[in-house]
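Novice: What follows is structure13.txt; its format and atoms are compact mmCIF, N, CA and C atoms.
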```
# COMPACT_ATOMS: atom_id res chain seq x y z
N MET A 60 82.36 -95.60 132.58
CA MET A 60 81.96 -94.99 133.84
C MET A 60 81.93 -96.07 134.91
N ASP A 61 82.65 -95.87 135.96
CA ASP A 61 82.63 -96.78 137.10
C ASP A 61 81.49 -96.34 138.01
N ILE A 62 80.33 -96.90 137.77
CA ILE A 62 79.10 -96.46 138.44
C ILE A 62 79.18 -96.62 139.95
N GLU A 63 79.62 -97.76 140.41
CA GLU A 63 79.68 -97.99 141.86
C GLU A 63 80.63 -97.02 142.54
N ASN A 64 81.79 -96.80 141.94
CA ASN A 64 82.77 -95.88 142.50
C ASN A 64 82.24 -94.43 142.50
N LEU A 65 81.60 -94.05 141.42
CA LEU A 65 81.04 -92.71 141.30
C LEU A 65 79.93 -92.49 142.33
N TYR A 66 79.10 -93.50 142.49
CA TYR A 66 78.03 -93.44 143.50
C TYR A 66 78.65 -93.29 144.90
N SER A 67 79.61 -94.13 145.21
CA SER A 67 80.24 -94.11 146.54
C SER A 67 80.93 -92.78 146.81
N LYS A 68 81.64 -92.28 145.82
CA LYS A 68 82.34 -91.01 145.98
C LYS A 68 81.35 -89.87 146.21
N THR A 69 80.27 -89.85 145.46
CA THR A 69 79.26 -88.80 145.63
C THR A 69 78.59 -88.92 146.99
N LEU A 70 78.33 -90.13 147.42
CA LEU A 70 77.73 -90.34 148.74
C LEU A 70 78.65 -89.83 149.84
N ILE A 71 79.92 -90.14 149.74
CA ILE A 71 80.90 -89.67 150.73
C ILE A 71 80.99 -88.14 150.71
N ASP A 72 81.07 -87.56 149.52
CA ASP A 72 81.14 -86.10 149.40
C ASP A 72 79.92 -85.43 150.01
N SER A 73 78.76 -86.01 149.79
CA SER A 73 77.52 -85.40 150.29
C SER A 73 77.33 -85.59 151.79
N ARG A 74 78.13 -86.44 152.39
CA ARG A 74 78.05 -86.67 153.85
C ARG A 74 79.08 -85.83 154.60
N ASN A 75 79.53 -84.76 153.98
CA ASN A 75 80.47 -83.84 154.62
C ASN A 75 79.96 -83.50 156.02
N PRO A 76 80.69 -83.88 157.06
CA PRO A 76 80.20 -83.66 158.43
C PRO A 76 79.89 -82.20 158.74
N ASP A 77 80.61 -81.29 158.12
CA ASP A 77 80.37 -79.86 158.34
C ASP A 77 78.95 -79.46 157.94
N ILE A 78 78.44 -80.06 156.89
CA ILE A 78 77.09 -79.71 156.42
C ILE A 78 76.06 -80.00 157.50
N PHE A 79 76.15 -81.17 158.11
CA PHE A 79 75.13 -81.59 159.07
C PHE A 79 75.44 -81.14 160.49
N LYS A 80 76.64 -80.71 160.72
CA LYS A 80 76.98 -80.19 162.04
C LYS A 80 76.64 -78.70 162.14
N ASN A 81 76.88 -77.96 161.05
CA ASN A 81 76.77 -76.51 161.12
C ASN A 81 75.67 -75.87 160.27
N HIS A 82 75.06 -76.64 159.35
CA HIS A 82 74.16 -75.99 158.40
C HIS A 82 72.75 -76.58 158.32
N LEU A 83 72.64 -77.90 158.37
CA LEU A 83 71.34 -78.57 158.19
C LEU A 83 71.11 -79.61 159.27
N PRO A 84 69.84 -79.87 159.60
CA PRO A 84 69.55 -80.96 160.53
C PRO A 84 70.04 -82.30 159.96
N ASP A 85 70.53 -83.15 160.82
CA ASP A 85 71.08 -84.44 160.43
C ASP A 85 69.96 -85.48 160.44
N ASP A 86 69.15 -85.48 159.37
CA ASP A 86 68.07 -86.46 159.26
C ASP A 86 68.02 -87.00 157.84
N LEU A 87 67.23 -88.05 157.65
CA LEU A 87 67.18 -88.74 156.36
C LEU A 87 66.78 -87.81 155.22
N ASN A 88 65.76 -86.99 155.42
CA ASN A 88 65.29 -86.11 154.35
C ASN A 88 66.39 -85.16 153.88
N HIS A 89 67.09 -84.55 154.84
CA HIS A 89 68.14 -83.61 154.47
C HIS A 89 69.32 -84.34 153.82
N LYS A 90 69.64 -85.51 154.31
CA LYS A 90 70.73 -86.28 153.71
C LYS A 90 70.42 -86.65 152.26
N VAL A 91 69.18 -87.05 152.01
CA VAL A 91 68.79 -87.41 150.64
C VAL A 91 68.84 -86.18 149.74
N LEU A 92 68.33 -85.05 150.21
CA LEU A 92 68.34 -83.83 149.40
C LEU A 92 69.77 -83.38 149.07
N VAL A 93 70.65 -83.41 150.06
CA VAL A 93 72.04 -83.02 149.80
C VAL A 93 72.67 -83.99 148.80
N PHE A 94 72.41 -85.27 148.96
CA PHE A 94 72.93 -86.27 148.02
C PHE A 94 72.42 -85.99 146.61
N LEU A 95 71.15 -85.68 146.46
CA LEU A 95 70.59 -85.39 145.14
C LEU A 95 71.21 -84.13 144.53
N ILE A 96 71.47 -83.14 145.36
CA ILE A 96 72.12 -81.92 144.87
C ILE A 96 73.53 -82.25 144.38
N PHE A 97 74.26 -83.04 145.14
CA PHE A 97 75.61 -83.43 144.72
C PHE A 97 75.54 -84.27 143.44
N LEU A 98 74.54 -85.13 143.33
CA LEU A 98 74.37 -85.94 142.11
C LEU A 98 74.08 -85.08 140.90
N SER A 99 73.37 -83.98 141.11
CA SER A 99 72.99 -83.13 139.98
C SER A 99 74.21 -82.64 139.22
N LYS A 100 75.32 -82.47 139.93
CA LYS A 100 76.56 -82.05 139.27
C LYS A 100 76.95 -83.05 138.19
N ILE A 101 76.84 -84.32 138.51
CA ILE A 101 77.21 -85.37 137.56
C ILE A 101 76.21 -85.44 136.42
N PHE A 102 74.93 -85.52 136.77
CA PHE A 102 73.91 -85.69 135.74
C PHE A 102 73.83 -84.49 134.81
N ASN A 103 74.13 -83.31 135.31
CA ASN A 103 74.11 -82.13 134.44
C ASN A 103 75.32 -82.05 133.54
N LYS A 104 76.34 -82.88 133.78
CA LYS A 104 77.52 -82.91 132.91
C LYS A 104 77.46 -84.04 131.89
N VAL A 105 76.69 -85.05 132.17
CA VAL A 105 76.59 -86.20 131.27
C VAL A 105 75.42 -85.98 130.32
N SER A 106 75.65 -86.21 129.06
CA SER A 106 74.59 -86.06 128.07
C SER A 106 73.50 -87.11 128.31
N LYS A 107 72.26 -86.69 128.16
CA LYS A 107 71.15 -87.63 128.32
C LYS A 107 71.19 -88.73 127.28
N ASN A 108 71.91 -88.50 126.20
CA ASN A 108 72.04 -89.51 125.15
C ASN A 108 73.15 -90.51 125.45
N ASP A 109 73.95 -90.22 126.44
CA ASP A 109 75.03 -91.13 126.84
C ASP A 109 74.40 -92.35 127.50
N GLU A 110 74.80 -93.55 127.07
CA GLU A 110 74.22 -94.78 127.64
C GLU A 110 74.47 -94.88 129.15
N ASN A 111 75.54 -94.24 129.62
CA ASN A 111 75.85 -94.27 131.05
C ASN A 111 74.85 -93.47 131.88
N TYR A 112 74.22 -92.48 131.27
CA TYR A 112 73.26 -91.64 131.98
C TYR A 112 72.15 -92.52 132.57
N GLN A 113 71.53 -93.33 131.75
CA GLN A 113 70.42 -94.17 132.22
C GLN A 113 70.91 -95.26 133.16
N LYS A 114 72.07 -95.83 132.89
CA LYS A 114 72.62 -96.86 133.77
C LYS A 114 72.89 -96.29 135.16
N PHE A 115 73.47 -95.11 135.21
CA PHE A 115 73.77 -94.47 136.49
C PHE A 115 72.48 -94.09 137.21
N PHE A 116 71.53 -93.54 136.48
CA PHE A 116 70.23 -93.19 137.06
C PHE A 116 69.58 -94.42 137.69
N ASP A 117 69.51 -95.50 136.93
CA ASP A 117 68.88 -96.74 137.43
C ASP A 117 69.61 -97.26 138.66
N TYR A 118 70.93 -97.25 138.61
CA TYR A 118 71.72 -97.75 139.74
C TYR A 118 71.44 -96.94 141.00
N ILE A 119 71.48 -95.64 140.86
CA ILE A 119 71.30 -94.77 142.03
C ILE A 119 69.93 -94.95 142.66
N PHE A 120 68.90 -94.90 141.86
CA PHE A 120 67.56 -94.97 142.44
C PHE A 120 67.21 -96.38 142.91
N ASN A 121 67.83 -97.39 142.33
CA ASN A 121 67.70 -98.74 142.87
C ASN A 121 68.35 -98.83 144.25
N ARG A 122 69.54 -98.23 144.39
CA ARG A 122 70.23 -98.23 145.68
C ARG A 122 69.42 -97.49 146.75
N ILE A 123 68.85 -96.35 146.37
CA ILE A 123 68.03 -95.60 147.33
C ILE A 123 66.84 -96.43 147.76
N GLU A 124 66.21 -97.10 146.81
CA GLU A 124 65.06 -97.95 147.13
C GLU A 124 65.46 -99.08 148.08
N ILE A 125 66.58 -99.72 147.80
CA ILE A 125 67.07 -100.81 148.68
C ILE A 125 67.36 -100.27 150.07
N ASP A 126 67.99 -99.10 150.14
CA ASP A 126 68.31 -98.50 151.44
C ASP A 126 67.05 -98.19 152.23
N LEU A 127 66.01 -97.70 151.57
CA LEU A 127 64.75 -97.42 152.26
C LEU A 127 64.13 -98.70 152.81
N ARG A 128 64.20 -99.76 152.03
CA ARG A 128 63.66 -101.05 152.49
C ARG A 128 64.46 -101.57 153.69
N GLU A 129 65.79 -101.38 153.65
CA GLU A 129 66.62 -101.81 154.76
C GLU A 129 66.34 -101.01 156.03
N LEU A 130 65.86 -99.79 155.86
CA LEU A 130 65.48 -98.96 157.02
C LEU A 130 64.13 -99.38 157.60
N GLY A 131 63.45 -100.30 156.90
CA GLY A 131 62.22 -100.85 157.43
C GLY A 131 60.95 -100.30 156.80
N TYR A 132 61.06 -99.51 155.77
CA TYR A 132 59.87 -99.00 155.10
C TYR A 132 59.22 -100.12 154.29
N GLY A 133 57.90 -100.15 154.26
CA GLY A 133 57.15 -101.15 153.51
C GLY A 133 57.00 -100.77 152.05
N ASP A 134 56.44 -101.71 151.25
CA ASP A 134 56.31 -101.51 149.81
C ASP A 134 55.58 -100.23 149.44
N MET A 135 54.42 -100.00 150.05
CA MET A 135 53.64 -98.81 149.70
C MET A 135 54.38 -97.54 150.08
N SER A 136 55.01 -97.54 151.22
CA SER A 136 55.75 -96.37 151.68
C SER A 136 56.97 -96.11 150.79
N VAL A 137 57.69 -97.17 150.44
CA VAL A 137 58.86 -97.03 149.57
C VAL A 137 58.44 -96.46 148.21
N ASN A 138 57.37 -97.00 147.64
CA ASN A 138 56.92 -96.52 146.33
C ASN A 138 56.55 -95.04 146.39
N LYS A 139 55.87 -94.64 147.43
CA LYS A 139 55.48 -93.24 147.60
C LYS A 139 56.72 -92.36 147.77
N LYS A 140 57.66 -92.79 148.61
CA LYS A 140 58.89 -92.02 148.84
C LYS A 140 59.73 -91.93 147.57
N MET A 141 59.82 -93.02 146.82
CA MET A 141 60.61 -93.01 145.59
C MET A 141 60.02 -92.04 144.56
N LYS A 142 58.71 -91.99 144.48
CA LYS A 142 58.08 -91.05 143.55
C LYS A 142 58.44 -89.62 143.93
N ILE A 143 58.40 -89.32 145.21
CA ILE A 143 58.75 -87.98 145.70
C ILE A 143 60.22 -87.69 145.43
N ILE A 144 61.09 -88.66 145.71
CA ILE A 144 62.53 -88.46 145.53
C ILE A 144 62.87 -88.22 144.07
N VAL A 145 62.30 -89.00 143.17
CA VAL A 145 62.59 -88.83 141.74
C VAL A 145 62.07 -87.48 141.25
N THR A 146 60.90 -87.08 141.71
CA THR A 146 60.35 -85.77 141.33
C THR A 146 61.25 -84.65 141.83
N LYS A 147 61.70 -84.75 143.08
CA LYS A 147 62.62 -83.75 143.64
C LYS A 147 63.91 -83.72 142.84
N PHE A 148 64.41 -84.89 142.46
CA PHE A 148 65.66 -84.95 141.72
C PHE A 148 65.55 -84.20 140.39
N TYR A 149 64.45 -84.39 139.67
CA TYR A 149 64.29 -83.69 138.40
C TYR A 149 64.22 -82.18 138.62
N SER A 150 63.59 -81.77 139.70
CA SER A 150 63.54 -80.35 140.04
C SER A 150 64.94 -79.83 140.37
N ILE A 151 65.69 -80.60 141.13
CA ILE A 151 67.06 -80.23 141.48
C ILE A 151 67.93 -80.13 140.23
N LEU A 152 67.77 -81.07 139.30
CA LEU A 152 68.55 -81.01 138.06
C LEU A 152 68.36 -79.67 137.34
N VAL A 153 67.13 -79.22 137.29
CA VAL A 153 66.84 -77.94 136.63
C VAL A 153 67.42 -76.78 137.43
N ASP A 154 67.15 -76.78 138.73
CA ASP A 154 67.56 -75.65 139.58
C ASP A 154 69.07 -75.52 139.74
N PHE A 155 69.79 -76.64 139.65
CA PHE A 155 71.23 -76.61 139.86
C PHE A 155 72.02 -76.76 138.56
N LYS A 156 71.34 -76.65 137.43
CA LYS A 156 71.99 -76.81 136.12
C LYS A 156 73.19 -75.88 135.97
N ASN A 157 73.01 -74.62 136.26
CA ASN A 157 74.09 -73.64 136.13
C ASN A 157 74.40 -73.00 137.47
N TYR A 158 74.33 -73.78 138.51
CA TYR A 158 74.50 -73.26 139.87
C TYR A 158 75.76 -72.43 140.06
N PRO A 159 76.92 -72.87 139.61
CA PRO A 159 78.14 -72.09 139.86
C PRO A 159 78.09 -70.68 139.26
N ASP A 160 77.34 -70.51 138.17
CA ASP A 160 77.30 -69.23 137.48
C ASP A 160 76.21 -68.29 137.99
N GLN A 161 75.42 -68.75 138.93
CA GLN A 161 74.28 -67.96 139.41
C GLN A 161 74.70 -66.93 140.47
N ALA A 162 73.90 -65.89 140.59
CA ALA A 162 74.13 -64.85 141.60
C ALA A 162 73.78 -65.40 142.98
N MET A 163 74.33 -64.78 143.99
CA MET A 163 74.12 -65.20 145.38
C MET A 163 72.63 -65.21 145.75
N ASP A 164 71.87 -64.24 145.29
CA ASP A 164 70.43 -64.20 145.61
C ASP A 164 69.71 -65.42 145.04
N TYR A 165 70.07 -65.80 143.82
CA TYR A 165 69.47 -66.99 143.21
C TYR A 165 69.80 -68.23 144.03
N LYS A 166 71.06 -68.34 144.46
CA LYS A 166 71.48 -69.50 145.24
C LYS A 166 70.72 -69.57 146.56
N ARG A 167 70.55 -68.44 147.22
CA ARG A 167 69.77 -68.41 148.46
C ARG A 167 68.33 -68.86 148.21
N GLN A 168 67.76 -68.34 147.13
CA GLN A 168 66.37 -68.67 146.79
C GLN A 168 66.21 -70.16 146.51
N ILE A 169 67.11 -70.73 145.73
CA ILE A 169 67.03 -72.15 145.39
C ILE A 169 67.20 -73.01 146.63
N LEU A 170 68.18 -72.70 147.46
CA LEU A 170 68.39 -73.50 148.67
C LEU A 170 67.20 -73.39 149.61
N SER A 171 66.60 -72.22 149.69
CA SER A 171 65.41 -72.05 150.54
C SER A 171 64.22 -72.86 150.02
N LYS A 172 64.23 -73.14 148.74
CA LYS A 172 63.17 -73.97 148.15
C LYS A 172 63.23 -75.41 148.69
N TYR A 173 64.44 -75.89 148.96
CA TYR A 173 64.61 -77.28 149.38
C TYR A 173 64.80 -77.45 150.88
N PHE A 174 65.30 -76.43 151.55
CA PHE A 174 65.58 -76.53 152.98
C PHE A 174 64.88 -75.39 153.71
N SER A 175 64.03 -75.74 154.66
CA SER A 175 63.28 -74.70 155.37
C SER A 175 64.15 -73.91 156.33
N LYS A 176 65.21 -74.53 156.83
CA LYS A 176 66.09 -73.84 157.75
C LYS A 176 67.54 -74.22 157.46
N ILE A 177 68.33 -73.20 157.14
CA ILE A 177 69.76 -73.39 156.90
C ILE A 177 70.51 -72.45 157.82
N GLU A 178 71.36 -73.01 158.64
CA GLU A 178 72.22 -72.19 159.49
C GLU A 178 73.41 -71.74 158.66
N GLN A 179 73.83 -70.50 158.87
CA GLN A 179 75.01 -69.97 158.19
C GLN A 179 74.93 -70.23 156.67
N MET A 180 73.89 -69.70 156.06
CA MET A 180 73.63 -70.00 154.65
C MET A 180 74.81 -69.65 153.75
N GLU A 181 75.46 -68.52 153.96
CA GLU A 181 76.57 -68.15 153.08
C GLU A 181 77.70 -69.18 153.14
N ASP A 182 77.95 -69.72 154.32
CA ASP A 182 78.98 -70.77 154.44
C ASP A 182 78.54 -72.04 153.71
N PHE A 183 77.27 -72.38 153.81
CA PHE A 183 76.74 -73.55 153.11
C PHE A 183 76.84 -73.34 151.60
N ILE A 184 76.51 -72.15 151.14
CA ILE A 184 76.63 -71.83 149.71
C ILE A 184 78.09 -71.98 149.28
N GLU A 185 79.01 -71.56 150.12
CA GLU A 185 80.44 -71.68 149.78
C GLU A 185 80.86 -73.15 149.66
N ILE A 186 80.33 -74.01 150.53
CA ILE A 186 80.62 -75.44 150.42
C ILE A 186 80.15 -75.97 149.07
N LEU A 187 78.93 -75.59 148.68
CA LEU A 187 78.40 -76.03 147.39
C LEU A 187 79.20 -75.42 146.23
N ASN A 188 79.56 -74.15 146.35
CA ASN A 188 80.38 -73.52 145.30
C ASN A 188 81.67 -74.29 145.07
N LYS A 189 82.33 -74.65 146.16
CA LYS A 189 83.59 -75.40 146.04
C LYS A 189 83.36 -76.76 145.41
N TYR A 190 82.29 -77.44 145.82
CA TYR A 190 82.01 -78.76 145.26
C TYR A 190 81.73 -78.68 143.76
N PHE A 191 80.90 -77.73 143.37
CA PHE A 191 80.54 -77.61 141.96
C PHE A 191 81.71 -77.10 141.11
N ALA A 192 82.65 -76.41 141.71
CA ALA A 192 83.79 -75.85 140.97
C ALA A 192 84.85 -76.90 140.64
N ILE A 193 84.93 -77.93 141.44
CA ILE A 193 85.95 -78.95 141.25
C ILE A 193 85.46 -79.97 140.23
N ASP A 194 86.27 -80.17 139.20
CA ASP A 194 85.94 -81.19 138.21
C ASP A 194 86.70 -82.45 138.61
N ASN A 195 86.15 -83.13 139.62
CA ASN A 195 86.87 -84.23 140.25
C ASN A 195 86.34 -85.61 139.87
N VAL A 196 85.58 -85.68 138.83
CA VAL A 196 84.97 -86.96 138.49
C VAL A 196 85.22 -87.28 137.02
N THR A 197 85.61 -88.50 136.77
CA THR A 197 85.73 -88.96 135.39
C THR A 197 84.40 -89.63 135.04
N TYR A 198 83.78 -89.14 133.98
CA TYR A 198 82.44 -89.62 133.64
C TYR A 198 82.44 -90.73 132.60
N ASN A 199 83.48 -90.83 131.84
CA ASN A 199 83.53 -91.87 130.80
C ASN A 199 84.72 -92.78 131.01
N ASP A 200 84.63 -93.97 130.50
CA ASP A 200 85.72 -94.93 130.61
C ASP A 200 86.87 -94.59 129.66
N ASN A 201 86.60 -93.81 128.65
CA ASN A 201 87.60 -93.50 127.62
C ASN A 201 88.74 -92.70 128.18
```
Could I get this file's structure written as structure tokens?

Specialist:
Amino acid sequence: MDIENLYSKTLIDSRNPDIFKNHLPDDLNHKVLVFLIFLSKIFNKVSKNDENYQKFFDYIFNRIEIDLRELGYGDMSVNKKMKIIVTKFYSILVDFKNYPDQAMDYKRQILSKYFSKIEQMEDFIEILNKYFAIDNVTYNDN
């Protein structure tokens, strides 16, 4: 697994300009949540017993922590934010486990859980449907 490449690709995919122009406010909280949702696709495909799972998890959350520090957050604030982000991520993993197979009502309900206001929700759901439908990532080096 090329962890850096996979991280970068997921980050680029989650920064789809259409999402923040037409569907969600363009702020740090929404960007992190969308990134975590996009990451859930990968983590839900990789076995928890795969050694790459933990390596990728550690890499991602270390990068998020570094990014928060670079934004000027202090130690106490970063620790508090990281705890919230990791907790949200585990919730997202569960909620998006079988996202492509879920009914539209379920998708609306789940997205409303994470985002208080979504413009053009059906279009946003379609963006996520397309992302989750594409098997565009190689997870193992083999």

Novice: Please, what distance in Å, to one decimal, runs between atom C of Thr69 of chain A and atom N of Lys156 of chain A?

Specialist: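 Those two atoms sit 17.2 Å apart.
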
Novice: Between atom C of Phe120 of chain A and atom N of Lys142 of chain A, what is the distance, to one decimal in Å?

Specialist: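 Answer for the atom C of Phe120 of chain A to atom N of Lys142 of chain A separation: 9.7 Å.
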
Novice: From the list A:Lys176, A:Lys68, A:Lys147, A:Lys189, which residue is nearest His82 of chain A when using only C-alpha atoms?

Specialist: A:Lys176

Novice: Within 12 Å of Ile119 of chain A, counting only C-alpha atoms, which residues show up once you throw out same-chain ones fewer than 4 positions away? Write them as a PDB file with N, CA and C atoms, in the coordinates of the input, please.

Specialist:
```
ATOM      1  N   ILE A  62      80.330 -96.900 137.770  1.00  0.00           N
ATOM      2  CA  ILE A  62      79.100 -96.460 138.440  1.00  0.00           C
ATOM      3  C   ILE A  62      79.180 -96.620 139.950  1.00  0.00           C
ATOM      4  N   GLU A  63      79.620 -97.760 140.410  1.00  0.00           N
ATOM      5  CA  GLU A  63      79.680 -97.990 141.860  1.00  0.00           C
ATOM      6  C   GLU A  63      80.630 -97.020 142.540  1.00  0.00           C
ATOM      7  N   ASN A  64      81.790 -96.800 141.940  1.00  0.00           N
ATOM      8  CA  ASN A  64      82.770 -95.880 142.500  1.00  0.00           C
ATOM      9  C   ASN A  64      82.240 -94.430 142.500  1.00  0.00           C
ATOM     10  N   LEU A  65      81.600 -94.050 141.420  1.00  0.00           N
ATOM     11  CA  LEU A  65      81.040 -92.710 141.300  1.00  0.00           C
ATOM     12  C   LEU A  65      79.930 -92.490 142.330  1.00  0.00           C
ATOM     13  N   TYR A  66      79.100 -93.500 142.490  1.00  0.00           N
ATOM     14  CA  TYR A  66      78.030 -93.440 143.500  1.00  0.00           C
ATOM     15  C   TYR A  66      78.650 -93.290 144.900  1.00  0.00           C
ATOM     16  N   SER A  67      79.610 -94.130 145.210  1.00  0.00           N
ATOM     17  CA  SER A  67      80.240 -94.110 146.540  1.00  0.00           C
ATOM     18  C   SER A  67      80.930 -92.780 146.810  1.00  0.00           C
ATOM     19  N   THR A  69      80.270 -89.850 145.460  1.00  0.00           N
ATOM     20  CA  THR A  69      79.260 -88.800 145.630  1.00  0.00           C
ATOM     21  C   THR A  69      78.590 -88.920 146.990  1.00  0.00           C
ATOM     22  N   LEU A  70      78.330 -90.130 147.420  1.00  0.00           N
ATOM     23  CA  LEU A  70      77.730 -90.340 148.740  1.00  0.00           C
ATOM     24  C   LEU A  70      78.650 -89.830 149.840  1.00  0.00           C
ATOM     25  N   VAL A  91      69.180 -87.050 152.010  1.00  0.00           N
ATOM     26  CA  VAL A  91      68.790 -87.410 150.640  1.00  0.00           C
ATOM     27  C   VAL A  91      68.840 -86.180 149.740  1.00  0.00           C
ATOM     28  N   PHE A  94      72.410 -85.270 148.960  1.00  0.00           N
ATOM     29  CA  PHE A  94      72.930 -86.270 148.020  1.00  0.00           C
ATOM     30  C   PHE A  94      72.420 -85.990 146.610  1.00  0.00           C
ATOM     31  N   LEU A  95      71.150 -85.680 146.460  1.00  0.00           N
ATOM     32  CA  LEU A  95      70.590 -85.390 145.140  1.00  0.00           C
ATOM     33  C   LEU A  95      71.210 -84.130 144.530  1.00  0.00           C
ATOM     34  N   LEU A  98      74.540 -85.130 143.330  1.00  0.00           N
ATOM     35  CA  LEU A  98      74.370 -85.940 142.110  1.00  0.00           C
ATOM     36  C   LEU A  98      74.080 -85.080 140.900  1.00  0.00           C
ATOM     37  N   SER A  99      73.370 -83.980 141.110  1.00  0.00           N
ATOM     38  CA  SER A  99      72.990 -83.130 139.980  1.00  0.00           C
ATOM     39  C   SER A  99      74.210 -82.640 139.220  1.00  0.00           C
ATOM     40  N   ILE A 101      76.840 -84.320 138.510  1.00  0.00           N
ATOM     41  CA  ILE A 101      77.210 -85.370 137.560  1.00  0.00           C
ATOM     42  C   ILE A 101      76.210 -85.440 136.420  1.00  0.00           C
ATOM     43  N   PHE A 102      74.930 -85.520 136.770  1.00  0.00           N
ATOM     44  CA  PHE A 102      73.910 -85.690 135.740  1.00  0.00           C
ATOM     45  C   PHE A 102      73.830 -84.490 134.810  1.00  0.00           C
ATOM     46  N   ASN A 111      75.540 -94.240 129.620  1.00  0.00           N
ATOM     47  CA  ASN A 111      75.850 -94.270 131.050  1.00  0.00           C
ATOM     48  C   ASN A 111      74.850 -93.470 131.880  1.00  0.00           C
ATOM     49  N   TYR A 112      74.220 -92.480 131.270  1.00  0.00           N
ATOM     50  CA  TYR A 112      73.260 -91.640 131.980  1.00  0.00           C
ATOM     51  C   TYR A 112      72.150 -92.520 132.570  1.00  0.00           C
ATOM     52  N   GLN A 113      71.530 -93.330 131.750  1.00  0.00           N
ATOM     53  CA  GLN A 113      70.420 -94.170 132.220  1.00  0.00           C
ATOM     54  C   GLN A 113      70.910 -95.260 133.160  1.00  0.00           C
ATOM     55  N   LYS A 114      72.070 -95.830 132.890  1.00  0.00           N
ATOM     56  CA  LYS A 114      72.620 -96.860 133.770  1.00  0.00           C
ATOM     57  C   LYS A 114      72.890 -96.290 135.160  1.00  0.00           C
ATOM     58  N   PHE A 115      73.470 -95.110 135.210  1.00  0.00           N
ATOM     59  CA  PHE A 115      73.770 -94.470 136.490  1.00  0.00           C
ATOM     60  C   PHE A 115      72.480 -94.090 137.210  1.00  0.00           C
ATOM     61  N   ILE A 123      68.850 -96.350 146.370  1.00  0.00           N
ATOM     62  CA  ILE A 123      68.030 -95.600 147.330  1.00  0.00           C
ATOM     63  C   ILE A 123      66.840 -96.430 147.760  1.00  0.00           C
ATOM     64  N   GLU A 124      66.210 -97.100 146.810  1.00  0.00           N
ATOM     65  CA  GLU A 124      65.060 -97.950 147.130  1.00  0.00           C
ATOM     66  C   GLU A 124      65.460 -99.080 148.080  1.00  0.00           C
ATOM     67  N   ILE A 125      66.580 -99.720 147.800  1.00  0.00           N
ATOM     68  CA  ILE A 125      67.070-100.810 148.680  1.00  0.00           C
ATOM     69  C   ILE A 125      67.360-100.270 150.070  1.00  0.00           C
ATOM     70  N   ASP A 126      67.990 -99.100 150.140  1.00  0.00           N
ATOM     71  CA  ASP A 126      68.310 -98.500 151.440  1.00  0.00           C
ATOM     72  C   ASP A 126      67.050 -98.190 152.230  1.00  0.00           C
ATOM     73  N   MET A 141      59.820 -93.020 146.820  1.00  0.00           N
ATOM     74  CA  MET A 141      60.610 -93.010 145.590  1.00  0.00           C
ATOM     75  C   MET A 141      60.020 -92.040 144.560  1.00  0.00           C
ATOM     76  N   ILE A 144      61.090 -88.660 145.710  1.00  0.00           N
ATOM     77  CA  ILE A 144      62.530 -88.460 145.530  1.00  0.00           C
ATOM     78  C   ILE A 144      62.870 -88.220 144.070  1.00  0.00           C
ATOM     79  N   VAL A 145      62.300 -89.000 143.170  1.00  0.00           N
ATOM     80  CA  VAL A 145      62.590 -88.830 141.740  1.00  0.00           C
ATOM     81  C   VAL A 145      62.070 -87.480 141.250  1.00  0.00           C
ATOM     82  N   PHE A 148      64.410 -84.890 142.460  1.00  0.00           N
ATOM     83  CA  PHE A 148      65.660 -84.950 141.720  1.00  0.00           C
ATOM     84  C   PHE A 148      65.550 -84.200 140.390  1.00  0.00           C
TER      85      PHE A 148
END
```

Novice: State, in Å with one decimal place, the distance from atom CA of Asn157 of chain A to atom CA of Asn188 of chain A.

Specialist: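 Distance between the two atoms: 11.1 Å.
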
Novice: Taking only C-alpha atoms into account, name the residue in A:Ile169, A:Leu152, A:Gly131, A:Lys100 that is nearest to Ala192 of chain A.

Specialist: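 With only C-alpha atoms as the atom set, the closest residue is A:Lys100.
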
Novice: Once 5 Å is added on each side, what centre and edge lengths in Å to one decimal does the axis-aligned box around all listed atoms of segment 74-91 of chain A have, as AutoDock Vina command-line options?

Specialist:
```
--center_x 73.0 --center_y -82.3 --center_z 155.9 --size_x 25.4 --size_y 22.9 --size_z 22.4
```

Novice: Could you tell me, as an MDAnalysis selection string, which residues of chain A DSSP assigns to alpha helix (DSSP H) when given the backbone?

Specialist: chainID A and resid 62:73 76:81 87:102 110:129 134:154 163:173 180:192

Novice: Kindly indicate which residue among A:Leu130, A:Ile96, A:Ala162, A:Ile177 lies nearest to Pro84 of chain A, using all atoms listed in the file for the distances.

Specialist: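 Nearest candidate to Pro84 of chain A out of A:Leu130, A:Ile96, A:Ala162, A:Ile177: A:Ile177.
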
Novice: Need to verify the contact set: segment 179-185 of chain A, 12 Å, only C-alpha atoms, exclusion of same-chain residues closer than 3 positions in sequence. Can you return it as a ChimeraX atom specification?

Specialist: /A:75-83,93,158-159,161-171,174-176,188-192

Novice: With all atoms listed in the file as the basis for distance, which of A:Asp194, A:Ile151, A:Tyr173, A:Asp61 is at the shortest distance from His89 of chain A?

Specialist: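 Nearest to His89 of chain A: A:Tyr173.
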